[in-house]
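Shown here: query32.tsv, TSV, C-alpha atoms and all ligand atoms.
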```tsv
chain	number	residue	atom	x	y	z
O	26	MET	CA	0.00	0.00	0.00
O	27	ARG	CA	2.85	2.30	0.82
O	28	ILE	CA	4.52	1.51	-2.52
O	29	ARG	CA	1.29	2.31	-4.35
O	30	THR	CA	0.96	5.59	-2.48
O	31	ILE	CA	4.47	6.53	-3.49
O	32	ALA	CA	3.83	5.52	-7.14
O	33	VAL	CA	0.64	7.56	-7.33
O	34	ALA	CA	2.34	10.48	-5.71
O	35	GLY	CA	5.36	10.04	-7.94
O	36	THR	CA	4.89	13.33	-9.69
O	37	LEU	CA	4.37	15.25	-6.48
O	38	SER	CA	7.22	16.81	-4.65
O	39	LEU	CA	9.05	14.95	-1.91
O	40	LEU	CA	7.49	17.32	0.56
O	41	ALA	CA	4.00	16.29	-0.53
O	42	ILE	CA	4.88	12.61	-0.17
O	43	THR	CA	6.17	13.20	3.31
O	44	GLY	CA	2.95	15.02	4.09
O	45	LEU	CA	0.80	12.19	2.77
O	46	THR	CA	2.47	9.38	4.66
O	47	GLY	CA	2.79	11.60	7.69
O	48	THR	CA	-0.91	12.27	8.08
O	49	ALA	CA	-2.09	8.73	7.27
O	50	GLN	CA	-3.04	6.89	10.47
O	51	ALA	CA	-1.05	3.91	9.28
O	52	ALA	CA	-0.96	0.96	11.65
O	53	GLY	CA	2.48	0.14	12.97
O	54	ASP	CA	4.71	-2.54	11.55
O	55	ALA	CA	4.87	-5.40	14.06
O	56	ALA	CA	8.07	-6.88	12.59
O	57	ALA	CA	9.84	-3.56	13.01
O	58	GLY	CA	8.28	-3.28	16.46
O	59	GLU	CA	9.83	-6.57	17.53
O	60	LYS	CA	13.23	-4.94	16.94
O	61	VAL	CA	12.21	-1.85	18.92
O	62	PHE	CA	11.35	-4.21	21.77
O	63	ASN	CA	15.07	-5.03	22.02
O	64	LYS	CA	15.24	-1.78	24.00
O	65	CYS	CA	12.90	-3.29	26.60
O	66	ARG	CA	13.95	-6.97	26.72
O	67	ALA	CA	16.63	-6.57	29.37
O	68	CYS	CA	13.95	-5.50	31.83
O	69	HIS	CA	10.62	-6.88	30.60
O	70	SER	CA	9.41	-10.38	29.81
O	71	LEU	CA	6.38	-11.19	27.63
O	72	ALA	CA	5.65	-14.36	29.58
O	73	GLU	CA	2.75	-14.09	32.00
O	74	GLY	CA	3.84	-13.24	35.54
O	75	LYS	CA	7.59	-13.44	34.84
O	76	ARG	CA	9.23	-10.53	36.59
O	77	MET	CA	12.66	-9.30	35.65
O	78	ILE	CA	13.99	-5.83	36.51
O	79	GLY	CA	10.53	-4.66	35.49
O	80	PRO	CA	7.18	-6.48	35.59
O	81	SER	CA	6.01	-8.79	32.80
O	82	LEU	CA	4.15	-6.92	30.08
O	83	ASN	CA	1.88	-9.86	29.35
O	84	GLY	CA	-1.75	-9.05	30.10
O	85	LEU	CA	-0.86	-5.38	30.73
O	86	PHE	CA	-4.36	-4.26	29.68
O	87	ASN	CA	-5.88	-6.23	32.57
O	88	ARG	CA	-4.30	-4.03	35.22
O	89	LYS	CA	-3.82	-0.47	36.34
O	90	ALA	CA	-0.43	1.24	36.28
O	91	GLY	CA	1.81	0.16	39.13
O	92	ASN	CA	-0.24	-2.91	40.05
O	93	ALA	CA	1.69	-5.86	38.62
O	94	GLU	CA	1.27	-8.84	40.93
O	95	GLY	CA	4.35	-9.64	42.97
O	96	PHE	CA	6.20	-6.53	41.84
O	97	GLN	CA	7.39	-3.75	44.16
O	98	HIS	CA	6.36	-0.69	42.19
O	99	SER	CA	7.42	2.86	42.93
O	100	ALA	CA	5.00	4.96	44.95
O	101	ASP	CA	4.53	7.36	42.01
O	102	MET	CA	3.63	4.59	39.59
O	103	SER	CA	1.02	3.12	41.94
O	104	ALA	CA	-0.34	6.58	42.77
O	105	ALA	CA	-0.83	7.26	39.06
O	106	GLY	CA	-2.52	3.88	38.61
O	107	ALA	CA	-5.03	4.76	41.30
O	108	LYS	CA	-6.05	7.86	39.34
O	109	ILE	CA	-6.31	6.56	35.79
O	110	ASP	CA	-8.08	3.79	33.89
O	111	PRO	CA	-6.37	0.45	33.45
O	112	TRP	CA	-3.68	0.40	30.77
O	113	ASN	CA	-4.94	0.84	27.23
O	114	GLU	CA	-3.52	1.85	23.84
O	115	THR	CA	-3.70	5.60	24.50
O	116	HIS	CA	-2.07	5.38	27.92
O	117	PHE	CA	0.66	3.09	26.74
O	118	LYS	CA	1.63	5.24	23.76
O	119	ALA	CA	1.72	8.40	25.86
O	120	TYR	CA	3.68	6.64	28.60
O	121	ILE	CA	6.35	5.09	26.42
O	122	ALA	CA	7.06	8.36	24.61
O	123	LYS	CA	7.81	10.14	27.93
O	124	PRO	CA	7.54	7.78	30.91
O	125	GLN	CA	8.46	10.08	33.79
O	126	GLU	CA	6.55	13.07	32.42
O	127	TYR	CA	3.44	11.05	31.67
O	128	ILE	CA	3.27	9.48	35.12
O	129	GLY	CA	4.11	12.84	36.69
O	130	GLU	CA	1.22	14.48	34.84
O	131	GLN	CA	-1.23	12.04	36.44
O	132	ILE	CA	-0.13	12.92	39.95
O	133	GLY	CA	0.56	16.65	39.59
O	134	LYS	CA	4.36	16.57	39.33
O	135	PRO	CA	6.46	17.76	36.37
O	136	LYS	CA	8.35	14.46	36.46
O	137	ALA	CA	7.61	11.34	38.42
O	138	THR	CA	10.24	9.24	40.17
O	139	THR	CA	9.65	5.72	38.95
O	140	LYS	CA	11.84	2.64	38.88
O	141	MET	CA	11.89	2.51	35.10
O	142	VAL	CA	15.25	3.88	34.00
O	143	PHE	CA	14.32	4.59	30.40
O	144	PRO	CA	14.03	8.02	28.77
O	145	GLY	CA	11.24	7.13	26.33
O	146	LEU	CA	10.96	6.58	22.59
O	147	LYS	CA	11.50	9.77	20.63
O	148	SER	CA	10.20	8.50	17.31
O	149	GLU	CA	6.47	8.24	16.74
O	150	LYS	CA	7.08	5.47	14.22
O	151	GLU	CA	8.92	3.44	16.84
O	152	VAL	CA	5.99	3.87	19.21
O	153	GLU	CA	3.48	2.75	16.55
O	154	ASP	CA	5.61	-0.22	15.46
O	155	LEU	CA	6.27	-1.28	19.03
O	156	TYR	CA	2.57	-1.09	19.84
O	157	ALA	CA	1.67	-3.22	16.80
O	158	PHE	CA	4.09	-5.88	18.06
O	159	LEU	CA	3.02	-5.73	21.71
O	160	GLU	CA	-0.77	-5.46	21.41
O	161	PRO	CA	-1.51	-9.24	21.38
O	162	TYR	CA	0.71	-9.67	24.46
O	163	PHE	CA	-0.93	-6.75	26.25
O	164	LYS	CA	-4.29	-8.40	25.60
O	165	GLY	CA	-2.96	-11.73	26.87
O	166	GLU	CA	-3.67	-13.36	23.50
O	167	LYS	CA	-0.08	-14.39	22.97
O	168	GLN	CA	2.69	-15.66	25.25
O	169	GLY	CA	6.31	-14.70	24.77
O	170	LYS	CA	9.61	-15.23	26.49
R	1	LIG	C1	16.22	-0.55	32.68
R	1	LIG	C2	15.02	-1.36	32.78
R	1	LIG	C3	13.83	-0.99	31.94
R	1	LIG	C4	13.77	-0.74	30.58
R	1	LIG	C5	14.91	-0.67	29.58
R	1	LIG	C6	12.36	-0.58	30.27
R	1	LIG	N1	11.60	-0.72	31.39
R	1	LIG	FE1	9.58	-0.57	31.54
R	1	LIG	N2	9.68	-0.73	33.55
R	1	LIG	C7	10.83	-0.97	34.28
R	1	LIG	C8	10.52	-0.95	35.70
R	1	LIG	C9	11.51	-1.17	36.84
R	1	LIG	C10	9.14	-0.67	35.80
R	1	LIG	C11	8.32	-0.45	37.08
R	1	LIG	C12	8.26	1.06	37.33
R	1	LIG	C13	7.77	1.47	38.69
R	1	LIG	O1	6.98	0.76	39.32
R	1	LIG	O2	8.16	2.56	39.13
R	1	LIG	C14	8.64	-0.55	34.43
R	1	LIG	C15	7.32	-0.30	34.09
R	1	LIG	C16	6.82	-0.39	32.80
R	1	LIG	C17	5.41	-0.36	32.46
R	1	LIG	C18	4.25	-0.26	33.44
R	1	LIG	C19	3.96	-1.63	34.00
R	1	LIG	C20	2.80	-1.70	34.96
R	1	LIG	O3	2.41	-2.81	35.29
R	1	LIG	O4	2.28	-0.66	35.36
R	1	LIG	C21	5.32	-0.49	31.10
R	1	LIG	C22	4.07	-0.53	30.27
R	1	LIG	C23	6.68	-0.57	30.60
R	1	LIG	N3	7.56	-0.51	31.65
R	1	LIG	C24	7.01	-0.72	29.26
R	1	LIG	C25	8.33	-0.67	28.77
R	1	LIG	C26	8.68	-0.72	27.37
R	1	LIG	C27	7.69	-0.94	26.24
R	1	LIG	C28	10.04	-0.57	27.29
R	1	LIG	C29	10.89	-0.47	26.04
R	1	LIG	C30	10.57	0.54	25.09
R	1	LIG	C31	10.54	-0.48	28.65
R	1	LIG	N4	9.48	-0.53	29.51
R	1	LIG	C32	11.87	-0.34	29.00
R	1	LIG	C33	12.08	-1.17	33.76
R	1	LIG	C34	12.46	-0.97	32.44
```

Turn this file's structure into structure tokens for me.
Amino acid sequence: MRIRTIAVAGTLSLLAITGLTGTAQAAGDAAAGEKVFNKCRACHSLAEGKRMIGPSLNGLFNRKAGNAEGFQHSADMSAAGAKIDPWNETHFKAYIAKPQEYIGEQIGKPKATTKMVFPGLKSEKEVEDLYAFLEPYFKGEKQGK
């Protein structure tokens, strides 16, 4: 589909092509997202209940922030979880782009102090791709390592 878009837009300027693909709400690329997940693997498992440095991300959508069973969360993370809905697509994408700021926003601080030492994903494409890869695990439909 992307190739066709580019072919159709072939006579348009590069700027126009960038504009077209930029505004399209294209779903992320799960294969690319699996590679983005390499940034998370050291700390997060995709197997249900398997804690590492961070909690397992399997079944994430069944819980609120900072409520993974058997995991000692930071106070800020749990405080945020008490104020917002259980994890969903919108929350996750906002969180992973700017973890400390997003959690801070929920509890009235500029930046939260959480145990996740990760600055966030700067690229929107990385966020979309990562989400496409992780969604079935978040929903508990798939088991990983
Ligand atoms: C250096 C280790 C580390 C890295 C790298 C890391 N995380 Fe985390 N993550 C944690 C820890 C520790 C927590 C628990 C934070 C707390 O309770 O304060 C956490 C929490 C989370 C949560 C909330 C879990 C819950 O049950 O509320 C999500 C979602 C998450 N991480 C996703 C990711 C993703 C996706 C990546 C990669 C892009 C990533 N993390 C990278 C350590 C890490």

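Residue nearest Leu159 in chain O within the list O:Gly79, O:Gly84, O:Gly129, O:Gly95: O:Gly84 [criterion: smallest interatomic distance, all atoms listed in the file].
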
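Across O:Gln125, O:Thr139, O:Asn113, O:Ser70, the tightest approach to ligand LIG 1 (chain R) is made by O:Thr139 when counting only C-alpha atoms and all ligand atoms.
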
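Nearest-residue note for ligand LIG 1 (chain R): choosing from O:Cys65, O:Ala122, O:Ala100, O:Leu155, the minimum distance belongs to O:Cys65, counting all atoms listed in the file.
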
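CA of Ser103 in chain O is positioned 14.0 Å from atom FE1 of ligand LIG 1 (chain R).
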
For the contact check between chain O and ligand LIG 1 (chain R), emit one row per residue of chain O within 6 Å, containing the shortest atom pair and the distance in Å rounded to one decimal, counting only C-alpha atoms and all ligand atoms, chain then rising number order, as a tab-separated table.
```
residue	atom	partner	partner_atom	distance
O:Phe62	CA	R:LIG1	C29	5.7
O:Lys64	CA	R:LIG1	C29	5.0
O:Cys65	CA	R:LIG1	C29	3.5
O:Cys68	CA	R:LIG1	C2	4.4
O:Ile78	CA	R:LIG1	C9	5.3
O:Gly79	CA	R:LIG1	C8	3.7
O:Ala90	CA	R:LIG1	O4	3.4
O:Gly91	CA	R:LIG1	O4	3.9
O:Asn92	CA	R:LIG1	O3	5.4
O:Ala93	CA	R:LIG1	O3	4.6
O:His98	CA	R:LIG1	O1	3.3
O:Ser99	CA	R:LIG1	O2	3.9
O:Met102	CA	R:LIG1	O2	5.0
O:Thr139	CA	R:LIG1	O2	3.5
O:Lys140	CA	R:LIG1	O2	3.7
O:Met141	CA	R:LIG1	C7	3.7
O:Val142	CA	R:LIG1	C1	4.7
O:Phe143	CA	R:LIG1	C5	5.4
```

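Going from CA of Tyr127 in chain O to CA of Leu146 in chain O covers 12.6 Å.
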
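Picture a line from CA of Lys164 in chain O to CA of Pro124 in chain O; it runs 20.7 Å.
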
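Minimum distance to Lys60 in chain O across O:Phe163, O:Tyr156, O:Trp112, O:Phe117 (counting all atoms listed in the file) occurs at O:Tyr156.
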
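Comparing the minimum interatomic distances between Thr138 in chain O and each of O:Asp154, O:Asp110, O:Glu126, O:Glu160, counting only C-alpha atoms, we find that O:Glu126 sits nearest.
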
If you take every atom of range 102-113 of chain O that the file lists and fit an axis-aligned box around them with 3 Å extra on each side, what centre and edge lengths come out in Å to one decimal, as JSON?
```
{"center_x": -2.2, "center_y": 4.1, "center_z": 35.0, "size_x": 17.7, "size_y": 13.5, "size_z": 21.5}
```

- Using all atoms listed in the file, the residue out of O:Glu59, O:Thr115, O:Arg66, O:Ile121 with shortest distance to Phe158 in chain O is O:Glu59

- Spatial neighbours of Lys170 in chain O, 10 Å, only C-alpha atoms, chain gap at least 3 places, as a PyMOL selection string: chain O and resi 66+69-73+75+81+83

Generate N, CA and C atoms for range 76-92 of chain O and emit them as a PDB file, in the frame of the given file.
```pdb
ATOM      1  N   ARG O  76       8.637 -11.846  36.299  1.00  0.00           N
ATOM      2  CA  ARG O  76       9.230 -10.530  36.590  1.00  0.00           C
ATOM      3  C   ARG O  76      10.731 -10.557  36.349  1.00  0.00           C
ATOM      4  N   MET O  77      11.219  -9.463  35.832  1.00  0.00           N
ATOM      5  CA  MET O  77      12.660  -9.300  35.650  1.00  0.00           C
ATOM      6  C   MET O  77      13.014  -8.031  36.443  1.00  0.00           C
ATOM      7  N   ILE O  78      13.749  -7.104  35.820  1.00  0.00           N
ATOM      8  CA  ILE O  78      13.990  -5.830  36.510  1.00  0.00           C
ATOM      9  C   ILE O  78      12.669  -5.070  36.584  1.00  0.00           C
ATOM     10  N   GLY O  79      11.879  -5.218  35.541  1.00  0.00           N
ATOM     11  CA  GLY O  79      10.530  -4.660  35.490  1.00  0.00           C
ATOM     12  C   GLY O  79       9.508  -5.786  35.462  1.00  0.00           C
ATOM     13  N   PRO O  80       8.228  -5.451  35.620  1.00  0.00           N
ATOM     14  CA  PRO O  80       7.180  -6.480  35.590  1.00  0.00           C
ATOM     15  C   PRO O  80       6.959  -7.039  34.190  1.00  0.00           C
ATOM     16  N   SER O  81       6.363  -8.227  34.106  1.00  0.00           N
ATOM     17  CA  SER O  81       6.010  -8.790  32.800  1.00  0.00           C
ATOM     18  C   SER O  81       5.009  -7.858  32.126  1.00  0.00           C
ATOM     19  N   LEU O  82       5.104  -7.761  30.809  1.00  0.00           N
ATOM     20  CA  LEU O  82       4.150  -6.920  30.080  1.00  0.00           C
ATOM     21  C   LEU O  82       2.994  -7.742  29.521  1.00  0.00           C
ATOM     22  N   ASN O  83       3.003  -9.045  29.826  1.00  0.00           N
ATOM     23  CA  ASN O  83       1.880  -9.860  29.350  1.00  0.00           C
ATOM     24  C   ASN O  83       0.623  -9.514  30.146  1.00  0.00           C
ATOM     25  N   GLY O  84      -0.482  -9.355  29.434  1.00  0.00           N
ATOM     26  CA  GLY O  84      -1.750  -9.050  30.100  1.00  0.00           C
ATOM     27  C   GLY O  84      -1.783  -7.646  30.693  1.00  0.00           C
ATOM     28  N   LEU O  85      -0.937  -6.748  30.196  1.00  0.00           N
ATOM     29  CA  LEU O  85      -0.860  -5.380  30.730  1.00  0.00           C
ATOM     30  C   LEU O  85      -2.239  -4.708  30.788  1.00  0.00           C
ATOM     31  N   PHE O  86      -3.067  -4.950  29.764  1.00  0.00           N
ATOM     32  CA  PHE O  86      -4.360  -4.260  29.680  1.00  0.00           C
ATOM     33  C   PHE O  86      -5.359  -4.728  30.748  1.00  0.00           C
ATOM     34  N   ASN O  87      -4.992  -5.766  31.496  1.00  0.00           N
ATOM     35  CA  ASN O  87      -5.880  -6.230  32.570  1.00  0.00           C
ATOM     36  C   ASN O  87      -5.583  -5.561  33.904  1.00  0.00           C
ATOM     37  N   ARG O  88      -4.615  -4.640  33.919  1.00  0.00           N
ATOM     38  CA  ARG O  88      -4.300  -4.030  35.220  1.00  0.00           C
ATOM     39  C   ARG O  88      -4.097  -2.519  35.113  1.00  0.00           C
ATOM     40  N   LYS O  89      -4.097  -1.897  36.280  1.00  0.00           N
ATOM     41  CA  LYS O  89      -3.820  -0.470  36.340  1.00  0.00           C
ATOM     42  C   LYS O  89      -2.325  -0.258  36.485  1.00  0.00           C
ATOM     43  N   ALA O  90      -1.854   0.932  36.153  1.00  0.00           N
ATOM     44  CA  ALA O  90      -0.430   1.240  36.280  1.00  0.00           C
ATOM     45  C   ALA O  90       0.041   0.966  37.704  1.00  0.00           C
ATOM     46  N   GLY O  91       1.233   0.395  37.812  1.00  0.00           N
ATOM     47  CA  GLY O  91       1.810   0.160  39.130  1.00  0.00           C
ATOM     48  C   GLY O  91       1.104  -0.885  39.952  1.00  0.00           C
ATOM     49  N   ASN O  92       0.496  -1.866  39.317  1.00  0.00           N
ATOM     50  CA  ASN O  92      -0.240  -2.910  40.050  1.00  0.00           C
ATOM     51  C   ASN O  92       0.124  -4.324  39.618  1.00  0.00           C
TER      52      ASN O  92
END
```
